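Heads up, final.txt below (compact mmCIF, C-alpha atoms (C1' of nucleotides)):
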# COMPACT_ATOMS: atom_id res chain seq x y z
CA MET A 1 89.14 77.06 118.00
CA ALA A 2 88.28 79.35 120.83
CA VAL A 3 88.95 82.62 119.04
CA THR A 4 86.88 83.98 116.23
CA THR A 5 88.60 85.22 113.11
CA ARG A 6 87.51 88.71 113.91
CA GLU A 7 89.19 88.45 117.29
CA ARG A 8 92.33 87.21 115.58
CA VAL A 9 92.32 90.27 113.34
CA LYS A 10 91.92 92.59 116.30
CA ARG A 11 94.75 90.94 118.20
CA ALA A 12 97.01 91.12 115.19
CA ALA A 13 96.21 94.81 114.87
CA VAL A 14 96.87 95.48 118.53
CA LYS A 15 100.19 93.69 118.34
CA LEU A 16 101.39 95.46 115.22
CA PHE A 17 99.99 98.90 116.00
CA ALA A 18 101.70 98.76 119.37
CA ALA A 19 105.00 97.59 117.91
CA LYS A 20 105.25 99.66 114.74
CA GLY A 21 102.58 102.29 115.05
CA PHE A 22 99.42 102.74 112.98
CA HIS A 23 101.10 104.33 109.97
CA GLY A 24 104.02 101.94 110.25
CA THR A 25 101.74 98.93 109.92
CA GLY A 26 100.59 97.95 106.43
CA ILE A 27 97.44 96.11 105.48
CA ARG A 28 99.62 93.27 104.28
CA ASP A 29 101.45 93.07 107.61
CA LEU A 30 98.09 92.88 109.29
CA ALA A 31 96.90 90.15 106.95
CA GLN A 32 100.02 88.05 107.49
CA GLU A 33 99.81 88.36 111.26
CA ALA A 34 96.14 87.38 111.20
CA LYS A 35 96.81 84.54 108.75
CA LEU A 36 94.54 85.91 106.09
CA SER A 37 94.88 87.50 102.69
CA SER A 38 94.68 91.25 102.61
CA ALA A 39 91.39 90.94 100.73
CA SER A 40 89.80 88.65 103.33
CA LEU A 41 90.81 91.11 106.00
CA TYR A 42 88.07 93.41 104.78
CA HIS A 43 85.39 90.88 105.63
CA TYR A 44 86.14 91.54 109.29
CA MET A 45 86.81 95.25 109.39
CA GLY A 46 85.87 98.53 107.78
CA THR A 47 88.84 100.68 107.01
CA LYS A 48 92.13 100.43 108.83
CA GLU A 49 91.25 103.52 110.79
CA GLU A 50 87.88 102.11 111.87
CA LEU A 51 89.72 99.06 113.16
CA LEU A 52 91.98 101.31 115.20
CA ALA A 53 89.02 103.22 116.61
CA GLU A 54 87.31 99.98 117.63
CA ILE A 55 90.40 98.76 119.43
CA MET A 56 90.71 102.02 121.30
CA CYS A 57 87.07 102.13 122.33
CA ASP A 58 87.15 98.48 123.40
CA SER A 59 90.18 98.97 125.58
CA LEU A 60 89.18 102.30 127.06
CA GLY A 61 85.60 101.18 127.55
CA ALA A 62 86.68 98.08 129.45
CA LEU A 63 88.98 100.12 131.66
CA LEU A 64 86.23 102.62 132.33
CA GLU A 65 83.75 99.92 133.32
CA SER A 66 86.25 98.22 135.59
CA ALA A 67 87.06 101.52 137.21
CA LYS A 68 83.42 102.34 137.81
CA GLN A 69 82.94 98.97 139.48
CA ALA A 70 86.11 99.37 141.52
CA VAL A 71 84.98 102.63 143.10
CA ALA A 72 81.25 101.92 143.27
CA GLY A 73 80.05 102.46 146.80
CA VAL A 74 83.48 103.33 148.14
CA THR A 75 83.18 106.57 150.05
CA ASP A 76 86.69 107.13 151.40
CA PRO A 77 88.56 109.21 148.79
CA GLY A 78 91.93 107.68 149.69
CA GLN A 79 90.55 104.21 149.21
CA ARG A 80 88.87 105.25 145.98
CA LEU A 81 92.00 106.69 144.45
CA SER A 82 94.07 103.77 145.66
CA ARG A 83 91.79 101.40 143.82
CA LEU A 84 91.93 103.52 140.69
CA VAL A 85 95.71 103.55 140.77
CA ALA A 86 95.94 99.81 141.40
CA LEU A 87 93.50 99.04 138.60
CA HIS A 88 95.22 101.40 136.20
CA VAL A 89 98.64 99.94 136.91
CA THR A 90 97.61 96.30 136.68
CA THR A 91 95.67 96.94 133.50
CA HIS A 92 98.62 98.70 131.89
CA ALA A 93 100.97 95.94 133.01
CA ARG A 94 98.72 93.16 131.78
CA GLN A 95 97.73 94.77 128.50
CA PRO A 96 100.65 96.98 127.57
CA LYS A 97 99.96 96.73 123.87
CA GLU A 98 96.37 97.89 124.06
CA THR A 99 97.19 100.80 126.29
CA ARG A 100 100.13 101.82 124.19
CA VAL A 101 97.89 102.04 121.16
CA VAL A 102 95.33 104.08 123.07
CA ASP A 103 97.90 106.46 124.50
CA HIS A 104 99.86 106.76 121.33
CA GLU A 105 97.65 106.87 118.27
CA ILE A 106 94.81 109.17 119.24
CA GLY A 107 96.11 111.83 116.87
CA VAL A 108 95.59 109.52 113.90
CA LEU A 109 91.84 109.33 114.27
CA SER A 110 89.42 111.46 112.31
CA PRO A 111 87.79 114.22 114.35
CA LYS A 112 84.60 112.23 114.83
CA ALA A 113 86.26 109.05 116.03
CA ARG A 114 88.64 111.08 118.15
CA ARG A 115 85.75 112.73 119.93
CA ALA A 116 84.38 109.34 120.93
CA VAL A 117 87.70 108.14 122.29
CA VAL A 118 88.47 111.39 124.06
CA GLY A 119 85.00 111.32 125.56
CA LEU A 120 85.68 107.93 127.10
CA ARG A 121 89.05 109.07 128.36
CA ASP A 122 87.55 112.18 129.91
CA GLU A 123 84.89 110.13 131.64
CA TYR A 124 87.59 107.86 133.02
CA GLU A 125 89.75 110.72 134.20
CA ARG A 126 86.72 112.24 135.84
CA LEU A 127 86.76 109.35 138.29
CA TRP A 128 90.26 110.40 139.25
CA SER A 129 89.35 114.06 139.44
CA ASP A 130 86.39 113.36 141.70
CA ALA A 131 88.38 111.17 144.05
CA ILE A 132 91.11 113.79 144.31
CA ALA A 133 88.67 116.67 144.73
CA ASP A 134 86.77 114.81 147.45
CA GLY A 135 89.99 113.96 149.19
CA VAL A 136 91.09 117.56 149.15
CA SER A 137 87.78 118.91 150.45
CA GLU A 138 87.74 116.28 153.21
CA GLY A 139 91.27 117.23 154.19
CA VAL A 140 92.66 113.77 153.40
CA PHE A 141 94.73 114.95 150.45
CA ASP A 142 97.02 117.93 150.34
CA THR A 143 97.84 119.42 146.94
CA ALA A 144 97.98 122.96 145.68
CA GLU A 145 97.11 122.02 142.11
CA PRO A 146 94.67 119.10 141.99
CA ALA A 147 94.38 119.14 138.20
CA ILE A 148 98.10 118.99 137.61
CA THR A 149 98.58 116.38 140.28
CA ARG A 150 95.94 114.25 138.61
CA ILE A 151 97.66 114.44 135.25
CA ALA A 152 101.05 113.79 136.78
CA LEU A 153 99.80 110.68 138.57
CA LEU A 154 98.03 109.42 135.45
CA GLU A 155 101.13 109.83 133.35
CA MET A 156 103.20 108.14 136.01
CA CYS A 157 100.90 105.13 135.90
CA ASN A 158 100.71 105.13 132.11
CA GLY A 159 104.44 104.57 131.99
CA VAL A 160 104.01 101.07 133.36
CA ALA A 161 102.92 99.87 129.93
CA ARG A 162 106.24 100.98 128.48
CA TRP A 163 108.54 98.94 130.67
CA TYR A 164 106.82 96.32 132.79
CA SER A 165 107.68 92.73 132.00
CA PRO A 166 106.02 89.77 133.73
CA LYS A 167 109.44 88.10 133.71
CA GLY A 168 110.73 90.54 136.29
CA THR A 169 110.89 89.74 139.98
CA LEU A 170 108.04 92.03 140.96
CA SER A 171 104.55 90.59 141.12
CA LEU A 172 101.63 92.55 139.77
CA ASP A 173 100.27 93.12 143.27
CA ALA A 174 103.57 94.38 144.56
CA LEU A 175 103.88 96.66 141.56
CA ALA A 176 100.42 98.08 142.05
CA GLY A 177 101.07 98.49 145.76
CA HIS A 178 104.22 100.44 145.06
CA TYR A 179 102.43 102.81 142.73
CA VAL A 180 99.61 103.26 145.22
CA ARG A 181 102.17 104.25 147.82
CA LEU A 182 103.83 106.70 145.44
CA ALA A 183 100.48 108.28 144.59
CA MET A 184 99.36 108.57 148.18
CA ARG A 185 102.63 110.13 149.20
CA ALA A 186 102.39 112.59 146.34
CA LEU A 187 98.99 113.57 147.72
CA GLY A 188 100.43 114.13 151.15
CA VAL A 189 99.00 111.00 152.76
CA GLY A 190 101.22 109.24 155.30
CA ASP A 191 102.48 105.71 154.72
CA ASP A 192 99.72 104.06 156.76
CA ARG A 193 96.17 103.04 156.01
CA HIS A 194 96.18 103.15 152.22
CA ALA A 195 96.38 99.48 151.33
CA VAL A 196 93.78 98.34 148.84
CA SER A 197 91.19 96.22 150.55
CA MET B 1 117.94 135.46 107.48
CA ALA B 2 118.87 134.24 110.91
CA VAL B 3 118.14 130.57 110.33
CA THR B 4 119.98 128.36 107.91
CA THR B 5 118.01 126.27 105.48
CA ARG B 6 119.21 123.18 107.24
CA GLU B 7 117.80 124.47 110.50
CA ARG B 8 114.53 125.19 108.74
CA VAL B 9 114.40 121.59 107.56
CA LYS B 10 115.02 120.28 111.06
CA ARG B 11 112.34 122.47 112.57
CA ALA B 12 109.87 121.39 109.96
CA ALA B 13 110.67 117.79 110.72
CA VAL B 14 110.28 118.27 114.46
CA LYS B 15 106.94 119.96 113.97
CA LEU B 16 105.53 117.34 111.64
CA PHE B 17 107.02 114.27 113.32
CA ALA B 18 105.57 115.46 116.62
CA ALA B 19 102.17 116.19 115.12
CA LYS B 20 101.69 113.26 112.77
CA GLY B 21 104.41 110.78 113.64
CA PHE B 22 107.39 109.69 111.58
CA HIS B 23 105.51 107.30 109.34
CA GLY B 24 102.61 109.69 109.09
CA THR B 25 104.82 112.43 107.69
CA GLY B 26 105.70 112.25 104.00
CA ILE B 27 108.74 113.69 102.29
CA ARG B 28 106.45 116.06 100.44
CA ASP B 29 104.87 117.29 103.68
CA LEU B 30 108.34 117.94 104.97
CA ALA B 31 109.31 119.81 101.82
CA GLN B 32 106.22 121.99 101.92
CA GLU B 33 106.72 122.87 105.58
CA ALA B 34 110.37 123.73 104.92
CA LYS B 35 109.49 125.70 101.79
CA LEU B 36 111.58 123.55 99.48
CA SER B 37 110.99 121.00 96.78
CA SER B 38 111.24 117.39 97.86
CA ALA B 39 114.36 117.09 95.73
CA SER B 40 116.12 120.03 97.38
CA LEU B 41 115.35 118.50 100.74
CA TYR B 42 117.98 115.89 100.11
CA HIS B 43 120.75 118.48 99.93
CA TYR B 44 120.23 119.05 103.64
CA MET B 45 119.62 115.56 104.95
CA GLY B 46 120.48 111.94 104.33
CA THR B 47 117.47 109.69 104.48
CA LYS B 48 114.33 110.54 106.38
CA GLU B 49 115.40 108.18 109.11
CA GLU B 50 118.80 109.82 109.46
CA LEU B 51 117.05 113.13 109.91
CA LEU B 52 114.97 111.62 112.70
CA ALA B 53 118.05 110.21 114.39
CA GLU B 54 119.79 113.58 114.25
CA ILE B 55 116.83 115.33 115.82
CA MET B 56 116.70 112.79 118.61
CA CYS B 57 120.42 112.95 119.34
CA ASP B 58 120.37 116.75 119.27
CA SER B 59 117.53 116.98 121.73
CA LEU B 60 118.67 114.23 124.07
CA GLY B 61 122.27 115.40 123.93
CA ALA B 62 121.31 118.94 124.89
CA LEU B 63 119.18 117.70 127.77
CA LEU B 64 122.02 115.46 128.95
CA GLU B 65 124.53 118.30 128.91
CA SER B 66 122.19 120.65 130.75
CA ALA B 67 121.54 117.98 133.34
CA LYS B 68 125.25 117.34 133.88
CA GLN B 69 125.79 121.04 134.42
CA ALA B 70 122.80 121.31 136.73
CA VAL B 71 124.09 118.65 139.12
CA ALA B 72 127.81 119.32 138.80
CA GLY B 73 129.30 119.86 142.24
CA VAL B 74 125.97 119.45 144.01
CA THR B 75 126.44 116.92 146.78
CA ASP B 76 123.07 116.83 148.49
CA PRO B 77 121.01 114.11 146.77
CA GLY B 78 117.73 115.86 147.44
CA GLN B 79 119.01 119.02 145.85
CA ARG B 80 120.46 117.07 142.94
CA LEU B 81 117.22 115.25 142.16
CA SER B 82 115.22 118.44 142.60
CA ARG B 83 117.34 120.13 139.97
CA LEU B 84 116.97 117.17 137.63
CA VAL B 85 113.20 117.21 138.00
CA ALA B 86 112.99 120.96 137.49
CA LEU B 87 115.21 120.85 134.41
CA HIS B 88 113.32 117.90 132.97
CA VAL B 89 109.95 119.53 133.46
CA THR B 90 110.92 122.92 132.09
CA THR B 91 112.63 121.34 129.09
CA HIS B 92 109.59 119.22 128.31
CA ALA B 93 107.30 122.21 128.74
CA ARG B 94 109.43 124.47 126.58
CA GLN B 95 110.17 121.94 123.84
CA PRO B 96 107.22 119.60 123.82
CA LYS B 97 107.61 118.74 120.17
CA GLU B 98 111.23 117.63 120.42
CA THR B 99 110.61 115.54 123.49
CA ARG B 100 107.52 113.97 122.02
CA VAL B 101 109.54 112.84 119.04
CA VAL B 102 112.26 111.43 121.28
CA ASP B 103 109.84 109.61 123.56
CA HIS B 104 107.62 108.41 120.78
CA GLU B 105 109.61 107.35 117.75
CA ILE B 106 112.54 105.40 119.13
CA GLY B 107 111.10 102.17 117.77
CA VAL B 108 111.36 103.47 114.22
CA LEU B 109 115.14 103.73 114.23
CA SER B 110 117.41 101.07 112.82
CA PRO B 111 119.24 99.02 115.48
CA LYS B 112 122.42 101.02 115.08
CA ALA B 113 120.83 104.44 115.40
CA ARG B 114 118.64 103.18 118.21
CA ARG B 115 121.69 102.11 120.17
CA ALA B 116 123.09 105.62 120.00
CA VAL B 117 119.86 107.22 121.18
CA VAL B 118 119.25 104.65 123.89
CA GLY B 119 122.83 105.14 125.05
CA LEU B 120 122.23 108.83 125.54
CA ARG B 121 118.99 108.16 127.33
CA ASP B 122 120.63 105.64 129.62
CA GLU B 123 123.38 108.09 130.45
CA TYR B 124 120.77 110.69 131.31
CA GLU B 125 118.73 108.34 133.43
CA ARG B 126 121.91 107.35 135.22
CA LEU B 127 122.01 110.82 136.68
CA TRP B 128 118.61 110.15 138.20
CA SER B 129 119.59 106.69 139.39
CA ASP B 130 122.70 108.01 141.11
CA ALA B 131 120.86 110.81 142.84
CA ILE B 132 118.19 108.43 144.07
CA ALA B 133 120.69 105.77 145.17
CA ASP B 134 122.77 108.33 147.04
CA GLY B 135 119.69 109.73 148.70
CA VAL B 136 118.60 106.27 149.82
CA SER B 137 122.02 105.33 151.20
CA GLU B 138 122.23 108.64 153.02
CA GLY B 139 118.82 108.08 154.53
CA VAL B 140 117.33 111.17 152.85
CA PHE B 141 115.06 109.19 150.56
CA ASP B 142 112.79 106.33 151.51
CA THR B 143 111.75 103.93 148.76
CA ALA B 144 111.54 100.16 148.64
CA GLU B 145 112.14 99.99 144.89
CA PRO B 146 114.50 102.73 143.71
CA ALA B 147 114.52 101.55 140.11
CA ILE B 148 110.75 101.55 139.79
CA THR B 149 110.45 104.84 141.58
CA ARG B 150 112.93 106.37 139.16
CA ILE B 151 110.96 105.20 136.14
CA ALA B 152 107.70 106.31 137.68
CA LEU B 153 109.05 109.79 138.33
CA LEU B 154 110.56 110.05 134.87
CA GLU B 155 107.30 109.07 133.22
CA MET B 156 105.43 111.50 135.41
CA CYS B 157 107.68 114.31 134.23
CA ASN B 158 107.59 113.18 130.60
CA GLY B 159 103.88 113.72 130.61
CA VAL B 160 104.35 117.47 130.83
CA ALA B 161 105.18 117.56 127.13
CA ARG B 162 101.76 116.11 126.33
CA TRP B 163 99.61 118.73 127.98
CA TYR B 164 101.45 121.86 129.09
CA SER B 165 100.48 125.05 127.33
CA PRO B 166 102.25 128.36 127.95
CA LYS B 167 98.83 129.99 127.70
CA GLY B 168 97.76 128.46 130.99
CA THR B 169 97.85 130.31 134.26
CA LEU B 170 100.79 128.40 135.67
CA SER B 171 104.28 129.77 135.14
CA LEU B 172 107.11 127.48 134.20
CA ASP B 173 108.74 127.96 137.59
CA ALA B 174 105.56 127.19 139.47
CA LEU B 175 105.04 124.13 137.32
CA ALA B 176 108.55 122.86 137.94
CA GLY B 177 108.18 123.60 141.64
CA HIS B 178 105.01 121.57 141.81
CA TYR B 179 106.65 118.59 140.16
CA VAL B 180 109.66 118.86 142.45
CA ARG B 181 107.32 118.71 145.41
CA LEU B 182 105.51 115.68 144.00
CA ALA B 183 108.79 113.89 143.41
CA MET B 184 110.17 114.67 146.83
CA ARG B 185 107.02 113.52 148.51
CA ALA B 186 107.07 110.30 146.51
CA LEU B 187 110.57 109.74 147.85
CA GLY B 188 109.42 110.25 151.40
CA VAL B 189 110.91 113.71 151.88
CA GLY B 190 108.85 116.17 153.91
CA ASP B 191 107.55 119.39 152.42
CA ASP B 192 110.45 121.51 153.66
CA ARG B 193 113.90 122.24 152.36
CA HIS B 194 113.63 121.01 148.80
CA ALA B 195 113.31 124.22 146.87
CA VAL B 196 115.71 124.50 143.96
CA SER B 197 118.40 127.00 144.78
C1' DA C 1 139.67 141.55 82.55
C1' DA C 2 137.90 137.50 80.59
C1' DG C 3 136.93 133.07 80.80
C1' DA C 4 137.27 128.08 82.53
C1' DG C 5 136.16 125.15 86.04
C1' DA C 6 134.17 123.78 90.47
C1' DC C 7 130.80 124.09 93.86
C1' DT C 8 126.17 125.18 95.92
C1' DA C 9 121.38 125.55 95.72
C1' DT C 10 117.20 124.64 93.58
C1' DC C 11 113.88 122.41 90.70
C1' DG C 12 110.56 119.40 87.58
C1' DA C 13 110.22 114.89 86.26
C1' DT C 14 110.32 110.41 87.34
C1' DC C 15 111.91 105.90 89.28
C1' DG C 16 110.35 101.30 91.38
C1' DA C 17 108.02 100.02 95.48
C1' DT C 18 104.40 99.99 98.43
C1' DC C 19 100.14 101.92 100.13
C1' DG C 20 94.88 101.11 101.34
C1' DA C 21 91.19 99.31 99.19
C1' DT C 22 88.26 96.76 95.72
C1' DC C 23 86.84 93.44 92.20
C1' DG C 24 85.52 89.06 90.46
C1' DC C 25 85.60 84.40 91.24
C1' DG C 26 85.89 80.13 93.64
C1' DT C 27 84.36 77.11 97.66
C1' DC C 28 81.98 75.69 101.12
C1' DG C 29 77.70 74.73 104.52
C1' DC C 30 72.99 75.08 104.84
C1' DG D 1 71.25 78.55 95.21
C1' DC D 2 72.39 81.77 98.60
C1' DG D 3 75.11 83.89 102.05
C1' DA D 4 79.49 83.76 104.55
C1' DC D 5 84.28 83.10 103.85
C1' DG D 6 88.38 83.11 101.29
C1' DC D 7 91.91 84.42 97.73
C1' DG D 8 94.66 86.21 93.44
C1' DA D 9 94.85 90.05 90.77
C1' DT D 10 94.77 94.64 90.43
C1' DC D 11 93.24 99.50 90.99
C1' DG D 12 94.90 104.54 91.45
C1' DA D 13 97.50 107.00 94.76
C1' DT D 14 101.30 107.89 97.29
C1' DC D 15 105.69 106.56 99.17
C1' DG D 16 111.01 107.60 99.70
C1' DA D 17 114.52 108.64 96.82
C1' DT D 18 117.19 109.93 92.56
C1' DC D 19 118.01 111.93 88.06
C1' DG D 20 119.61 115.56 84.93
C1' DA D 21 119.20 120.38 84.17
C1' DT D 22 119.47 125.36 85.35
C1' DA D 23 121.08 129.25 87.64
C1' DG D 24 124.17 131.74 90.72
C1' DT D 25 128.66 132.31 93.12
C1' DC D 26 133.31 131.65 94.07
C1' DT D 27 138.25 130.62 92.73
C1' DC D 28 141.90 129.93 89.81
C1' DT D 29 144.27 130.69 85.36
C1' DT D 30 145.71 133.10 81.58
As structure tokens - that is how I would like this structure written.
Amino acid sequence: MAVTTRERVKRAAVKLFAAKGFHGTGIRDLAQEAKLSSASLYHYMGTKEELLAEIMCDSLGALLESAKQAVAGVTDPGQRLSRLVALHVTTHARQPKETRVVDHEIGVLSPKARRAVVGLRDEYERLWSDAIADGVSEGVFDTAEPAITRIALLEMCNGVARWYSPKGTLSLDALAGHYVRLAMRALGVGDDRHAVS
Amino acid sequence: MAVTTRERVKRAAVKLFAAKGFHGTGIRDLAQEAKLSSASLYHYMGTKEELLAEIMCDSLGALLESAKQAVAGVTDPGQRLSRLVALHVTTHARQPKETRVVDHEIGVLSPKARRAVVGLRDEYERLWSDAIADGVSEGVFDTAEPAITRIALLEMCNGVARWYSPKGTLSLDALAGHYVRLAMRALGVGDDRHAVS
DNA sequence: AAGAGACTATCGATCGATCGATCGCGTCGC
DNA sequence: GCGACGCGATCGATCGATCGATAGTCTCTT
């Protein structure tokens, strides 16, 4: 038994929240998926909403940490944004359920929990903003509306979680590479010198 | 009284489904928003799910018709896709609630209703596919993966519904123009000659 | 003109089902 | 015997949906 019961509960929640939504998932569904009674469930979680908040913070926090590592010490803005795009795409392709829950159920949270999640998301998006702003001021990127371009690119990459299947013909690396190319082009960078290295 | 009661019910549903989700919205919430008792509600709708399906078909059907008109007789693929992007963006900015419901609650529908909605969506996306395929075969567009590029662009444009506010400084036309430019660049088209005319 | 019948719109009351959450009790290992 | 772990039973609340009743309006009949 490599997984703790608590982990089993979280995975069950991620699966069901992603498939049926938070309000569409009952405590009893959760219990069945986690192979527990609905009463035992409460030994491993607070309320249903607290469980949702934990899942969101876990997922977003992990993405944020990975992103910080990916850009740490990288000075070239093009390279920095390329890494952010590649990481974002591969993460969304590998963990579509987690990211769907994060993107989809923020409105369910109480104001307090929402602030925590939104704070993490803002910190993550700041990495994108900085890379884009640096690229613009260095003359590498060309965009009239950096803020809108950032959101557009983020949304573009978010979509991966809604359709990507590992059974397709495209490898994760090829997928990420394609999105990096799309993003760089959108920022006015030519088709050379933006491979992730 | 310019609006029928039935229209009032639909608008209430769009507002609440977009804000709290289908499962997060109760019949009594709906009744209150529509200024009716929950019993009277059922004189203007079938089940709650049928109401959702109607809203989705209405919204998607209108978008599909507008899109068909926008590209009718337009032969240049770049121009065709530009018009599709502009229409998509302005529609999502003008009717964020409707599009949020469509994008967000498809999984709630029964298989039969879902087929109808997905059919409309596929027909709409076909317009994009055709424009992109034509552009590639004519050498106007440059993309290694047309299908992925199409999805990426669609998701990018969908995002508008999640953040655009008419109170911002950007006009609808400027917004649409920016997205058209992003899309054209992503397809390898230079910054000239892709204004919507 | 008067009334019968049909139809529309609206409601309070209520149905059985399910919701999230809790209680008390058993069963282990330490 | 004391926590951690587990479950059946059950709590009050709310869910989606339906019932029968009450007006109001229109049409048809006499």
Practice item. Excluding Glu54 in chain B and any residue of its chain fewer than 3 positions from it, enumerate the residues within 10 Å of it, using only C-alpha atoms (C1' of nucleotides), and give them as a PyMOL selection string. Key: chain B and resi 10+45+49-51+57-60+113+117
Please save C-alpha atoms of the selected residues as a PDB file, keeping the file's coordinate frame.
ATOM      1  CA  LYS B  10     115.020 120.280 111.060  1.00  0.00           C
ATOM      2  CA  MET B  45     119.620 115.560 104.950  1.00  0.00           C
ATOM      3  CA  GLU B  49     115.400 108.180 109.110  1.00  0.00           C
ATOM      4  CA  GLU B  50     118.800 109.820 109.460  1.00  0.00           C
ATOM      5  CA  LEU B  51     117.050 113.130 109.910  1.00  0.00           C
ATOM      6  CA  CYS B  57     120.420 112.950 119.340  1.00  0.00           C
ATOM      7  CA  ASP B  58     120.370 116.750 119.270  1.00  0.00           C
ATOM      8  CA  SER B  59     117.530 116.980 121.730  1.00  0.00           C
ATOM      9  CA  LEU B  60     118.670 114.230 124.070  1.00  0.00           C
ATOM     10  CA  ALA B 113     120.830 104.440 115.400  1.00  0.00           C
ATOM     11  CA  VAL B 117     119.860 107.220 121.180  1.00  0.00           C
TER      12      VAL B 117
END
At a cut-off of 10 Å, which residues of chain A touch chain D? Count only C-alpha atoms (C1' of nucleotides) and give the answer as an mmCIF file with C-alpha atoms, in the coordinates of the input.
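Written out: part-v5.cif:
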data_model
loop_
_atom_site.group_PDB
_atom_site.id
_atom_site.type_symbol
_atom_site.label_atom_id
_atom_site.label_comp_id
_atom_site.auth_asym_id
_atom_site.auth_seq_id
_atom_site.Cartn_x
_atom_site.Cartn_y
_atom_site.Cartn_z
ATOM 1 C CA LEU A 36 94.540 85.910 106.090
ATOM 2 C CA SER A 37 94.880 87.500 102.690
ATOM 3 C CA SER A 38 94.680 91.250 102.610
ATOM 4 C CA ALA A 39 91.390 90.940 100.730
ATOM 5 C CA SER A 40 89.800 88.650 103.330
ATOM 6 C CA LEU A 41 90.810 91.110 106.000
ATOM 7 C CA HIS A 43 85.390 90.880 105.630
#
Point to revise | Best match for closeness to chain C among A:Ala2, A:Leu30, A:Ala144, A:Ala12, counting all atoms listed in the file | key: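 Looking only at the distances to chain C, the closest residue turns out to be A:Leu30.
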Review point. Which is closest to chain A among C:DG20, C:DA6, C:DA1, C:DT14, if we use all atoms listed in the file?
Key: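 Ranking C:DG20, C:DA6, C:DA1, C:DT14 by distance to chain A, first place goes to C:DG20.
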Exercise for review: Using all atoms listed in the file, find which residues of chain C lie within 10 Å of chain B and jot them down as a PyMOL selection string.
Suggested key: chain C and resi 8-12
Distance table requested - chain B against chain A, cut-off 8 Å, only C-alpha atoms: one row per qualifying residue with the closest atom pair and its distance in Å to one decimal, ordered by chain and rising residue number, as JSON lines.
{"residue": "B:Ala19", "atom": "CA", "partner": "A:Gly107", "partner_atom": "CA", "distance": 7.7}
{"residue": "B:Lys20", "atom": "CA", "partner": "A:Gly107", "partner_atom": "CA", "distance": 7.1}
{"residue": "B:His23", "atom": "CA", "partner": "A:His23", "partner_atom": "CA", "distance": 5.4}
{"residue": "B:Gly24", "atom": "CA", "partner": "A:His23", "partner_atom": "CA", "distance": 5.6}
{"residue": "B:His104", "atom": "CA", "partner": "A:His104", "partner_atom": "CA", "distance": 8.0}
{"residue": "B:Gly107", "atom": "CA", "partner": "A:Lys20", "partner_atom": "CA", "distance": 7.1}
{"residue": "B:Val108", "atom": "CA", "partner": "A:Lys20", "partner_atom": "CA", "distance": 7.2}
{"residue": "B:Glu145", "atom": "CA", "partner": "A:His178", "partner_atom": "CA", "distance": 7.9}
{"residue": "B:Thr149", "atom": "CA", "partner": "A:Leu182", "partner_atom": "CA", "distance": 7.9}
{"residue": "B:Ile151", "atom": "CA", "partner": "A:Gly159", "partner_atom": "CA", "distance": 7.8}
{"residue": "B:Ala152", "atom": "CA", "partner": "A:Met156", "partner_atom": "CA", "distance": 5.1}
{"residue": "B:Leu153", "atom": "CA", "partner": "A:Met156", "partner_atom": "CA", "distance": 6.5}
{"residue": "B:Leu154", "atom": "CA", "partner": "A:Met156", "partner_atom": "CA", "distance": 7.7}
{"residue": "B:Glu155", "atom": "CA", "partner": "A:Met156", "partner_atom": "CA", "distance": 5.0}
{"residue": "B:Met156", "atom": "CA", "partner": "A:Met156", "partner_atom": "CA", "distance": 4.1}
{"residue": "B:Cys157", "atom": "CA", "partner": "A:Ala152", "partner_atom": "CA", "distance": 7.1}
{"residue": "B:Asn158", "atom": "CA", "partner": "A:Glu155", "partner_atom": "CA", "distance": 7.8}
{"residue": "B:Gly159", "atom": "CA", "partner": "A:Glu155", "partner_atom": "CA", "distance": 5.5}
{"residue": "B:Val160", "atom": "CA", "partner": "A:Ala152", "partner_atom": "CA", "distance": 7.7}
{"residue": "B:His178", "atom": "CA", "partner": "A:Glu145", "partner_atom": "CA", "distance": 7.9}
{"residue": "B:Arg181", "atom": "CA", "partner": "A:Ala186", "partner_atom": "CA", "distance": 7.9}
{"residue": "B:Leu182", "atom": "CA", "partner": "A:Ala186", "partner_atom": "CA", "distance": 5.0}
{"residue": "B:Ala183", "atom": "CA", "partner": "A:Ala186", "partner_atom": "CA", "distance": 7.2}
{"residue": "B:Arg185", "atom": "CA", "partner": "A:Ala186", "partner_atom": "CA", "distance": 5.2}
{"residue": "B:Ala186", "atom": "CA", "partner": "A:Leu182", "partner_atom": "CA", "distance": 5.0}
{"residue": "B:Leu187", "atom": "CA", "partner": "A:Leu182", "partner_atom": "CA", "distance": 7.8}
{"residue": "B:Gly188", "atom": "CA", "partner": "A:Arg185", "partner_atom": "CA", "distance": 7.1}
Practice item. Figure out the distance between CA of Gln69 in chain B and CA of Leu87 in chain B, please, to one decimal in Å. Key: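 According to the coordinates, CA of Leu87 in chain B and CA of Gln69 in chain B are separated by 10.6 Å.
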Review point. Which value, in Å to one decimal, gives the distance between CA of Pro111 in chain A and CA of Ala53 in chain A?
Key: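 Taking CA of Pro111 in chain A and CA of Ala53 in chain A, their separation equals 11.3 Å.
If you look at CA of Ala72 in chain B and CA of Met56 in chain B, they are 24.0 Å away from each other.
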Please report as CSV every residue of range 40-112 of chain A lying within 7 Å of range 120-135 of chain A, along with the nearest atom pair and their distance in Å (one decimal), using only C-alpha atoms.
residue,atom,partner,partner_atom,distance
A:Leu60,CA,A:Leu120,CA,6.6
A:Gly61,CA,A:Leu120,CA,6.8
A:Leu64,CA,A:Tyr124,CA,5.5
A:Pro77,CA,A:Gly135,CA,5.0
A:Gly78,CA,A:Gly135,CA,6.6
A:Arg80,CA,A:Ala131,CA,6.2
A:Leu81,CA,A:Ala131,CA,5.8
